[in-house]
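Chemist: Handing you this structure, nothing more for now.
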Number of protein chains: 6
Amino acid sequence: MEISETIMQKATTLVEALPYIQKFQNKVVVVKYGGSAMTDENLKMHVMQDIVLLKLVGLQPIVVHGGGKEISRWIGKVGMKPEFINGLRVTDEDTMEVVEMVLNKVNKSLVQIINNLSGRAVGISGKDGSLLHCVKKFSNGQDIGYVGEVVKVDTSIIQDLLSQGFIPVICPIGFDDHGLSYNVNADDAACAIAEAMHAEKLAFLTDVEGVYRDFSDKSSLINSLTIDQANEMIRNGELQGGMLPKLQNCIDAMKGGVNRVHILDGRVPHCLLLEIFTNQGIGTMIEKSMDASY
Amino acid sequence: MEISETIMQKATTLVEALPYIQKFQNKVVVVKYGGSAMTDENLKMHVMQDIVLLKLVGLQPIVVHGGGKEISRWIGKVGMKPEFINGLRVTDEDTMEVVEMVLNKVNKSLVQIINNLSGRAVGISGKDGSLLHCVKKFSNGQDIGYVGEVVKVDTSIIQDLLSQGFIPVICPIGFDDHGLSYNVNADDAACAIAEAMHAEKLAFLTDVEGVYRDFSDKSSLINSLTIDQANEMIRNGELQGGMLPKLQNCIDAMKGGVNRVHILDGRVPHCLLLEIFTNQGIGTMIEKSMDASY
Amino acid sequence: MEISETIMQKATTLVEALPYIQKFQNKVVVVKYGGSAMTDENLKMHVMQDIVLLKLVGLQPIVVHGGGKEISRWIGKVGMKPEFINGLRVTDEDTMEVVEMVLNKVNKSLVQIINNLSGRAVGISGKDGSLLHCVKKFSNGQDIGYVGEVVKVDTSIIQDLLSQGFIPVICPIGFDDHGLSYNVNADDAACAIAEAMHAEKLAFLTDVEGVYRDFSDKSSLINSLTIDQANEMIRNGELQGGMLPKLQNCIDAMKGGVNRVHILDGRVPHCLLLEIFTNQGIGTMIEKSMDASY
Amino acid sequence: MEISETIMQKATTLVEALPYIQKFQNKVVVVKYGGSAMTDENLKMHVMQDIVLLKLVGLQPIVVHGGGKEISRWIGKVGMKPEFINGLRVTDEDTMEVVEMVLNKVNKSLVQIINNLSGRAVGISGKDGSLLHCVKKFSNGQDIGYVGEVVKVDTSIIQDLLSQGFIPVICPIGFDDHGLSYNVNADDAACAIAEAMHAEKLAFLTDVEGVYRDFSDKSSLINSLTIDQANEMIRNGELQGGMLPKLQNCIDAMKGGVNRVHILDGRVPHCLLLEIFTNQGIGTMIEKSMDASY
Amino acid sequence: MEISETIMQKATTLVEALPYIQKFQNKVVVVKYGGSAMTDENLKMHVMQDIVLLKLVGLQPIVVHGGGKEISRWIGKVGMKPEFINGLRVTDEDTMEVVEMVLNKVNKSLVQIINNLSGRAVGISGKDGSLLHCVKKFSNGQDIGYVGEVVKVDTSIIQDLLSQGFIPVICPIGFDDHGLSYNVNADDAACAIAEAMHAEKLAFLTDVEGVYRDFSDKSSLINSLTIDQANEMIRNGELQGGMLPKLQNCIDAMKGGVNRVHILDGRVPHCLLLEIFTNQGIGTMIEKSMDASY
Amino acid sequence: MEISETIMQKATTLVEALPYIQKFQNKVVVVKYGGSAMTDENLKMHVMQDIVLLKLVGLQPIVVHGGGKEISRWIGKVGMKPEFINGLRVTDEDTMEVVEMVLNKVNKSLVQIINNLSGRAVGISGKDGSLLHCVKKFSNGQDIGYVGEVVKVDTSIIQDLLSQGFIPVICPIGFDDHGLSYNVNADDAACAIAEAMHAEKLAFLTDVEGVYRDFSDKSSLINSLTIDQANEMIRNGELQGGMLPKLQNCIDAMKGGVNRVHILDGRVPHCLLLEIFTNQGIGTMIEKSMDASY
């Protein structure tokens, strides 16, 4: 009687994965969805399939998404001229209206894909159930319009949807005391929601492999960082472009109660499953301290 | 000791209203919201206030709305040319995209108003939780694009929101087996939802006082109609324009399990409260049979 | 389209009343029932109707009543001679037997009226479920017989009746450690029960409009008093006859945990409904402090 | 090592009694309390102690009592003249008032005794919770006043009191559709309540040893009777005076769903305990059929 | 009417017993079963019947048993030679295997007897559900093999069986961190379990009448001892042979939270029932202090 | 960015396995444990690890085991001579005693292994909770002693253990109406329990690869059989030795309500995991009909 190596590998993968399923039962995982994984139709399907599988085996995934290139496309379509201050888009009332319409459209299309994969998604914005309460955010003291900073998260609608077996898909539109609408950065929204939900994990799907010690040297990818180390890197100015605010977000989220944050390479098919259910390191993990016996 | 007449009238109104509150405890009331009540900002506030009060005293209001004049405005804004067949708008893919964006925008703005009034609203479309499953609807056998007919209503997301104390605000976008999006007539959507929820009441906010026996004679307003009488009126061709399909909808809804249907004059401030909590007749009521000891 | 003023007034009353219904949902309201409202058959029906309506819309009314003039009538009927010390009736064993019989008779007749109005009342005395545990009360050190002071309230029978949807109607007969029966002042009993139940409101139905700043000037009616102001009035000796102990009772009840106390004019039909569901001031309200943002 | 006979008897009694405790757990036992057991203070204490012990070990006793000689005493005290038709007391309005007052007084005194024995009793009349709905009862077609026949029993108040651990003590005053009060025969009331509660047992405390085959021969006491045999005795006219209606009541109660009826000798101390927890025959038992493997 | 003395004795026994049934409702009683009561078939049946009756009336009996003479019999049967150190049996691996097999056999035979008496027993050892976690026990520093000392009791399997209406029957086999098996003294196991369960009572069935003040004088039997008095007797060296460790066990158990400990004469039929449900003193009771108003 | 093949294989295995975890959530899987998997210590650990993992991810495994070679070893050890009739061991009273002791010993050792792997096992025999009610089984009409046939399964103890999170480990000892002990064939016991529990799966761990179409041709292994095909094979006499009664057992179990039966090769490490969570065919599956869209 001989047993093929493939079979033995399957057995090994299962013995490795099953305890994680138990470990993460009912745990909340917030996925910031954006980048290539949003524009490449193939990757999009893989991510949505992963989300459905996570739900299927008892985790509680929450999707927070941006609008990608759709927003720019529609801004153009309605004949508006973008204005910038300090390199940031000025979001005036008309722009805001388009942003909200486009984000809601993207939101419902993700809902539809998940439902087609036999998931049960419900799409909401930060206005629903007063989820994302905002104040106006200034850029170096300058008014750049309806850009919001989240000051309070009312998680009741999320709790409700989770308890009934739905997958919440959230677009980052907030509101203020006067009932005005605000555009919120999707990374910021994901962090705020992860904190408020005391998420077990917050995973950013990005277009890089992770954090590099030396950005020019692709072999210097860092598998795991403690909060202290991450702070050190920020202080030393070792980080490139978009990674700096993202890492700052990670640190803030963990201080706010999120257990672990992952910067994943969204270009690896099924990166979510691999990160959660295997010992395989996909991207960079930020944890509280090195000797955590996780 | 003298008691002012105003005080006595208050007492009388209360003695009249209180039993209705008990009677309709936890009962579902579907409100089709449209017409003047949607465009006049004053009336809009009154309707939204009524919705919040209904919820406050233990009823379960559900709002189903259309897009009114916003859709046409945006169709124009993006430079599209409307096409018509048999007087019906042809909803091609581009049009559908605009319709969905606008309806979702209107949806979130109603949510925001209710929340500002201390209600707790959540806005969903018919895609969320697979609420409105559709097939393509043809107009006299002709393809007029993404216009949907509801064939199945999955009420679980509504049930869920109600059970958690939220007010569902629904825009009539459906989906089909292939994951395509469909524009659904708001009256049709309200009926389908009211039937599926076995609503106690379905109320249409309209721009007329109700159904007239003789449309040219405003004094011929009918306070109540049985199903049989309504059928008779349809058969006799006594009805004008938009009232015919609306009355047909009413009849269908009642056959589907809705207890009473009301065609209300949305121009009367607080018409919803008055209809539900007083003996005052506002508009036309359709009931099962005349001698119902309601 | 014109809307009659009556209709608008109804709408206004409803908009005013509905939030109170939510606010007082499941809240306990103790009504001390006595005076004209007990002897005038018309007023009696209005009070009982109000009690039934309060229950109907979700409040938890509790009625505590005295015996009014029936006790004296029966004392005479059985040929007993009343004896007085310091102006207080001496309640010897024979008198006590008559008092208990008459109060229970009155108790059951109120139960019957409420039940006839479709309410669901249950009449109990302070002996049932060991509700009112008493000790003998002395008048200036002198023994005046079976007059009791409540020292412990076991609310379990009341809680039980409320939880099953009944309206408790209570006559103020207590018991002591030796199993003896005691006559308790109805105002005292109502206060003790309101405190023990942490009632939202305690309402005394009286034969006056309320508390006057100057009793001889009917225009000096006070709408609301803080505890401090009430104490001040007592200290200054500004109060007339029966109002002094009643106001002292009010203060004690509020210190014991009752939220608000009302001295209502039982001669105003539906005074209970008007007080609870409108902004209309009926009588005098005692509240904790002036700036309470109630 | 020697064991005294007393100890062995105790062990035997326990081995005999314990299974009954399990068997009757939560079972309803209606006790019609009257006769010597009501007038002899010693027996009264034994009965009340038994009631408390039954409750203590998990049965659900319900006491239904009459007024005994107190009613006549008070009729005289208020100077009324009894009137009789066909040997039955005519209960006019004034008489009814006295009857109700006295029965309620007796009711509360039983409540007080049980409470003093650490039981938790609540006394109610047939008006409370609309327990005993009556119609006027005629005697051979003649109007004898406010004597009622029970036509409907609303057990909700009893169920409620039992579920909260109280012992219901019930006096047989009923009401009719017009809210009038009626005097109900205590045996009849006990039967009606036992039927409506589907009681396991209905026990009549009487002043005789039980049913005799030959009333003049005290050795002819019958231990058990089937319904058929009881019917036979009634048909044969073998029964004396008060036993005939009582036996008829027993038969009716069993047809109405009561499992067993007992005519107990209330003069035997602790007759209730002995009947329920031992194999000892106390009085006469009526059962469905002889071979019942009870 | 005369009442036989037997009947009156029954009534007295019941009045005496019933309150205990209520008092001990749902209370845990651990019975260490051994000695004559285990070898005499007649007594064995009485004890098992008592266990079933205790369960029947709502107590929660737990049986802990030894193996008696069966172990020695089987040690011989398999041709093993017993070895002793300091008078204690050396339990090597082979001996341990036989001990475990015999105890499990005895365990299942007790289960079968209880089930035949309509009880519902489940037999477990200290390995099941990790009930008895042990470390090796040394005798004066010398290794005597697989003799265990209980260091942790996981009561979840017992709680589970009790909550489902089963009677747990436990044989004293423990396990250690390495998964090895240990023989635990049955008295020790009973104590450890009684402590962990916060038992109301722990009863040792023994072959003596109880504790004697002077072992040679059978009239010096002690009915009750406080912990202090028991300690005093141990300190004074007044105790004979097996009674010393047993009394030490009793004291430890009570310090660990057991309410009362009883040393019962297992040769008295139904000694358990008599002890629990009567005022009869059977053997010696150890209680916290003399004036405990138990 | 390159992704190793190992990582992709892991992702594929997960995407394949996860839906099964959802599908079998809370489903009962009965594992008949015997053969090489019981004697080879390595395989034993793999099986027990699989059992613990099944439990961990939400399935409800139940282990039924035999005694393997231990019984024969002990029969010899105590100097007994085996007797055979028709090739079957005659189980006289002494043999039965040894069988029961050995099976219980094996039972507790499996419990210990599972507990050491962080599982929570409880070992029971068919006597506990009256699990396996038997009658004597005859071999061709001849009395072969205490060999039992299961006639009734009382699953309450199993349900209880499962509901509390335990893994039941069961040895096949039964009892009859007279309280006698019976040895039950482990395959029979597993079938009876699987039927009574309406198990989703019944898996036999055997020492063969599965069922062969032609036993002499190892390449003729059958992956799946319908009940009809299995019946056909039995009728045609195509089956070898031990496989015939096993296949008959499989058929009976499925008729009794088990969904699927698997004859697994216990020599393949983790065969249970592979069968349940992959598309990999391990051994032979018997299903209801071929086109089952499982």
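Residues in the structure tokens are numbered from 1 in each chain, the chains being A, B, ... in the order shown, and ligands are numbered from 1 in the order shown.
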For the structure I just gave you, how does DSSP split range 41-139 of chain B - specifically, which residues are alpha helix (DSSP H)? Reply as a PyMOL selection string.
Modeler: chain B and resi 41-56+70-77+93-116
Chemist: Please write the residues from the selection above to a file, keeping C-alpha atoms, as a PDB file, in the first residue's frame.
Modeler:
```pdb
ATOM      1  CA  GLU B  41     -38.945  70.107   1.559  1.00  0.00           C
ATOM      2  CA  ASN B  42     -41.576  70.967   4.165  1.00  0.00           C
ATOM      3  CA  LEU B  43     -43.747  67.958   3.402  1.00  0.00           C
ATOM      4  CA  LYS B  44     -40.637  65.758   3.238  1.00  0.00           C
ATOM      5  CA  MET B  45     -39.785  66.718   6.809  1.00  0.00           C
ATOM      6  CA  HIS B  46     -43.358  65.979   7.975  1.00  0.00           C
ATOM      7  CA  VAL B  47     -43.330  62.547   6.365  1.00  0.00           C
ATOM      8  CA  MET B  48     -39.932  61.655   7.807  1.00  0.00           C
ATOM      9  CA  GLN B  49     -41.081  62.887  11.242  1.00  0.00           C
ATOM     10  CA  ASP B  50     -44.175  60.684  10.969  1.00  0.00           C
ATOM     11  CA  ILE B  51     -42.013  57.695  10.066  1.00  0.00           C
ATOM     12  CA  VAL B  52     -39.837  58.297  13.132  1.00  0.00           C
ATOM     13  CA  LEU B  53     -42.906  58.651  15.382  1.00  0.00           C
ATOM     14  CA  LEU B  54     -44.493  55.464  14.035  1.00  0.00           C
ATOM     15  CA  LYS B  55     -41.296  53.619  14.928  1.00  0.00           C
ATOM     16  CA  LEU B  56     -41.117  55.323  18.297  1.00  0.00           C
ATOM     17  CA  GLU B  70     -33.183  63.463  -9.874  1.00  0.00           C
ATOM     18  CA  ILE B  71     -32.775  60.663 -12.399  1.00  0.00           C
ATOM     19  CA  SER B  72     -33.701  62.847 -15.366  1.00  0.00           C
ATOM     20  CA  ARG B  73     -31.444  65.591 -14.083  1.00  0.00           C
ATOM     21  CA  TRP B  74     -28.398  63.286 -13.998  1.00  0.00           C
ATOM     22  CA  ILE B  75     -29.206  61.563 -17.269  1.00  0.00           C
ATOM     23  CA  GLY B  76     -28.931  64.994 -18.799  1.00  0.00           C
ATOM     24  CA  LYS B  77     -25.845  65.932 -16.783  1.00  0.00           C
ATOM     25  CA  GLU B  93     -26.762  49.651 -19.632  1.00  0.00           C
ATOM     26  CA  ASP B  94     -25.487  53.224 -19.344  1.00  0.00           C
ATOM     27  CA  THR B  95     -28.881  54.525 -18.253  1.00  0.00           C
ATOM     28  CA  MET B  96     -29.148  51.732 -15.703  1.00  0.00           C
ATOM     29  CA  GLU B  97     -25.792  52.718 -14.230  1.00  0.00           C
ATOM     30  CA  VAL B  98     -26.999  56.308 -13.750  1.00  0.00           C
ATOM     31  CA  VAL B  99     -30.379  55.167 -12.357  1.00  0.00           C
ATOM     32  CA  GLU B 100     -28.664  52.975  -9.760  1.00  0.00           C
ATOM     33  CA  MET B 101     -26.255  55.713  -8.727  1.00  0.00           C
ATOM     34  CA  VAL B 102     -28.993  58.311  -8.342  1.00  0.00           C
ATOM     35  CA  LEU B 103     -31.409  56.037  -6.463  1.00  0.00           C
ATOM     36  CA  ASN B 104     -28.670  55.072  -4.013  1.00  0.00           C
ATOM     37  CA  LYS B 105     -27.825  58.739  -3.497  1.00  0.00           C
ATOM     38  CA  VAL B 106     -31.477  59.600  -2.799  1.00  0.00           C
ATOM     39  CA  ASN B 107     -31.647  56.559  -0.518  1.00  0.00           C
ATOM     40  CA  LYS B 108     -28.748  57.702   1.627  1.00  0.00           C
ATOM     41  CA  SER B 109     -30.084  61.266   1.832  1.00  0.00           C
ATOM     42  CA  LEU B 110     -33.408  59.985   3.263  1.00  0.00           C
ATOM     43  CA  VAL B 111     -31.445  57.839   5.718  1.00  0.00           C
ATOM     44  CA  GLN B 112     -29.556  60.924   6.791  1.00  0.00           C
ATOM     45  CA  ILE B 113     -32.720  62.963   7.365  1.00  0.00           C
ATOM     46  CA  ILE B 114     -34.296  60.223   9.497  1.00  0.00           C
ATOM     47  CA  ASN B 115     -31.103  59.843  11.514  1.00  0.00           C
ATOM     48  CA  ASN B 116     -30.970  63.610  12.058  1.00  0.00           C
TER      49      ASN B 116
END
```
Chemist: I want to know what sits within 9 Å of Gly148 in chain C, based on only C-alpha atoms, with residues of the same chain fewer than 3 positions away left out; could you give that as a list in words?
Modeler: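 Final neighbour list, sorted by chain and number: His133, Cys134, Val135, Lys136, Lys137, Phe138, Gly145, Ile173, Gly174, Phe175, Asp176, Ser181, Tyr182, Asn183, Val184 and Asn185 of chain C.
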Chemist: For Lys27 in chain D, find every residue with an atom within 8 Å (counting only C-alpha atoms), except residues of its own chain fewer than 6 positions away, and show them as number ranges by chain.
Modeler: D: 59-60, 199-200
Chemist: For the residues in the current selection, export N, CA, C and O atoms as an mmCIF file, in the first residue's frame.
Modeler:
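Result written to result_13.cif:
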```cif
data_model
loop_
_atom_site.group_PDB
_atom_site.id
_atom_site.type_symbol
_atom_site.label_atom_id
_atom_site.label_comp_id
_atom_site.auth_asym_id
_atom_site.auth_seq_id
_atom_site.Cartn_x
_atom_site.Cartn_y
_atom_site.Cartn_z
ATOM 1 N N LEU D 59 -45.749 20.476 45.068
ATOM 2 C CA LEU D 59 -47.096 20.382 44.509
ATOM 3 C C LEU D 59 -47.659 21.795 44.361
ATOM 4 O O LEU D 59 -47.053 22.758 44.816
ATOM 5 N N GLN D 60 -48.808 21.896 43.734
ATOM 6 C CA GLN D 60 -49.415 23.198 43.494
ATOM 7 C C GLN D 60 -50.804 23.239 44.127
ATOM 8 O O GLN D 60 -51.817 23.074 43.444
ATOM 9 N N ALA D 199 -56.866 19.615 37.264
ATOM 10 C CA ALA D 199 -56.215 19.250 38.524
ATOM 11 C C ALA D 199 -55.951 17.743 38.604
ATOM 12 O O ALA D 199 -56.720 16.934 38.093
ATOM 13 N N GLU D 200 -54.829 17.415 39.211
ATOM 14 C CA GLU D 200 -54.523 16.004 39.478
ATOM 15 C C GLU D 200 -55.504 15.470 40.503
ATOM 16 O O GLU D 200 -55.998 14.355 40.390
#
```
Chemist: Could I get the residues of chain B with an atom no further than 9 Å from an atom of chain C, each paired with its nearest atom pair and that distance in Å to one decimal, using only C-alpha atoms, sorted by chain and residue number, as CSV?
Modeler:
```
residue,atom,partner,partner_atom,distance
B:Met1,CA,C:Glu209,CA,7.9
B:Glu2,CA,C:Val268,CA,8.5
B:Ile3,CA,C:Val268,CA,7.1
B:Ile7,CA,C:Gln280,CA,7.7
B:Met8,CA,C:Pro269,CA,8.2
B:Gln9,CA,C:Lys10,CA,8.3
B:Lys10,CA,C:Thr13,CA,6.2
B:Ala11,CA,C:Leu274,CA,6.2
B:Thr12,CA,C:His270,CA,8.9
B:Thr13,CA,C:Lys10,CA,6.2
B:Leu14,CA,C:Leu273,CA,7.5
B:Val15,CA,C:Leu53,CA,7.6
B:Ala17,CA,C:Leu14,CA,8.0
B:Leu18,CA,C:Val57,CA,6.4
B:Pro19,CA,C:Leu56,CA,6.9
B:Ile21,CA,C:Val57,CA,6.4
B:Gln22,CA,C:Val57,CA,5.5
B:Gln25,CA,C:Val57,CA,8.9
B:Gln49,CA,C:Val15,CA,8.7
B:Asp50,CA,C:Val15,CA,8.1
B:Leu53,CA,C:Leu18,CA,6.6
B:Leu54,CA,C:Leu18,CA,8.4
B:Leu56,CA,C:Gln22,CA,5.9
B:Val57,CA,C:Gln22,CA,5.4
B:Gly58,CA,C:Gln22,CA,7.9
B:Glu209,CA,C:Met1,CA,8.0
B:Arg267,CA,C:Met1,CA,8.4
B:Val268,CA,C:Ile3,CA,7.2
B:Pro269,CA,C:Met8,CA,8.2
B:His270,CA,C:Ala11,CA,6.5
B:Cys271,CA,C:Ala11,CA,8.4
B:Leu273,CA,C:Ala11,CA,6.9
B:Leu274,CA,C:Ala11,CA,6.2
B:Phe277,CA,C:Leu14,CA,8.0
B:Thr278,CA,C:Lys10,CA,8.0
B:Gln280,CA,C:Ile7,CA,7.6
```
Chemist: Show me, as a VMD selection string, the residues that have an atom within 9 Å of Val90 in chain F when counting only C-alpha atoms, minus same-chain residues fewer than 6 positions from it.
Modeler: chain F and resid 82 to 84 143 to 147
Chemist: Which parts of range 64-215 of chain B does DSSP call strand (DSSP E) when run on the backbone here, written out as a VMD selection string?
Modeler: chain B and resid 64 to 65 84 to 85 88 to 89 121 to 125 132 to 139 142 to 153 167 to 171 173 to 175 181 to 183 201 to 206
Chemist: In Å, with one decimal, what is the gap from CA of Lys246 in chain B to CA of Ile62 in chain B?
Modeler: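 Between CA of Lys246 in chain B and CA of Ile62 in chain B the gap is 18.6 Å.
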Chemist: Measuring between only C-alpha atoms, which one of C:Gly256, C:Val150, C:Val63, C:Ala203 shows the shortest distance to Ile170 in chain C?
Modeler: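 Looking only at the distances to Ile170 in chain C, the closest residue turns out to be C:Val63.
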Chemist: Would you kindly return, as a PyMOL selection string, each protein, DNA or RNA residue with an atom no farther than 12 Å from any atom of Ser216 in chain D, considering only C-alpha atoms and excluding same-chain residues fewer than 6 positions away?
Modeler: chain D and resi 238-240
Chemist: Could you give me, as a ChimeraX atom specification, the residues within 6 Å of Ser224 in chain D, counting only C-alpha atoms and dropping anything in the same chain fewer than 3 positions from it?
Modeler: /D:284-286
Chemist: Counting only C-alpha atoms, what is within 10 Å of Ala192 in chain D, bar same-chain residues fewer than 3 positions away, as a ChimeraX atom specification?
Modeler: /D:132,149-153,186-189,195-198,249,252-253,256
Chemist: Of the candidates A:Met38, A:Met243, A:Ile157, A:Val28, which one gets nearest to Ser130 in chain A if we count only C-alpha atoms?
Modeler: A:Ile157
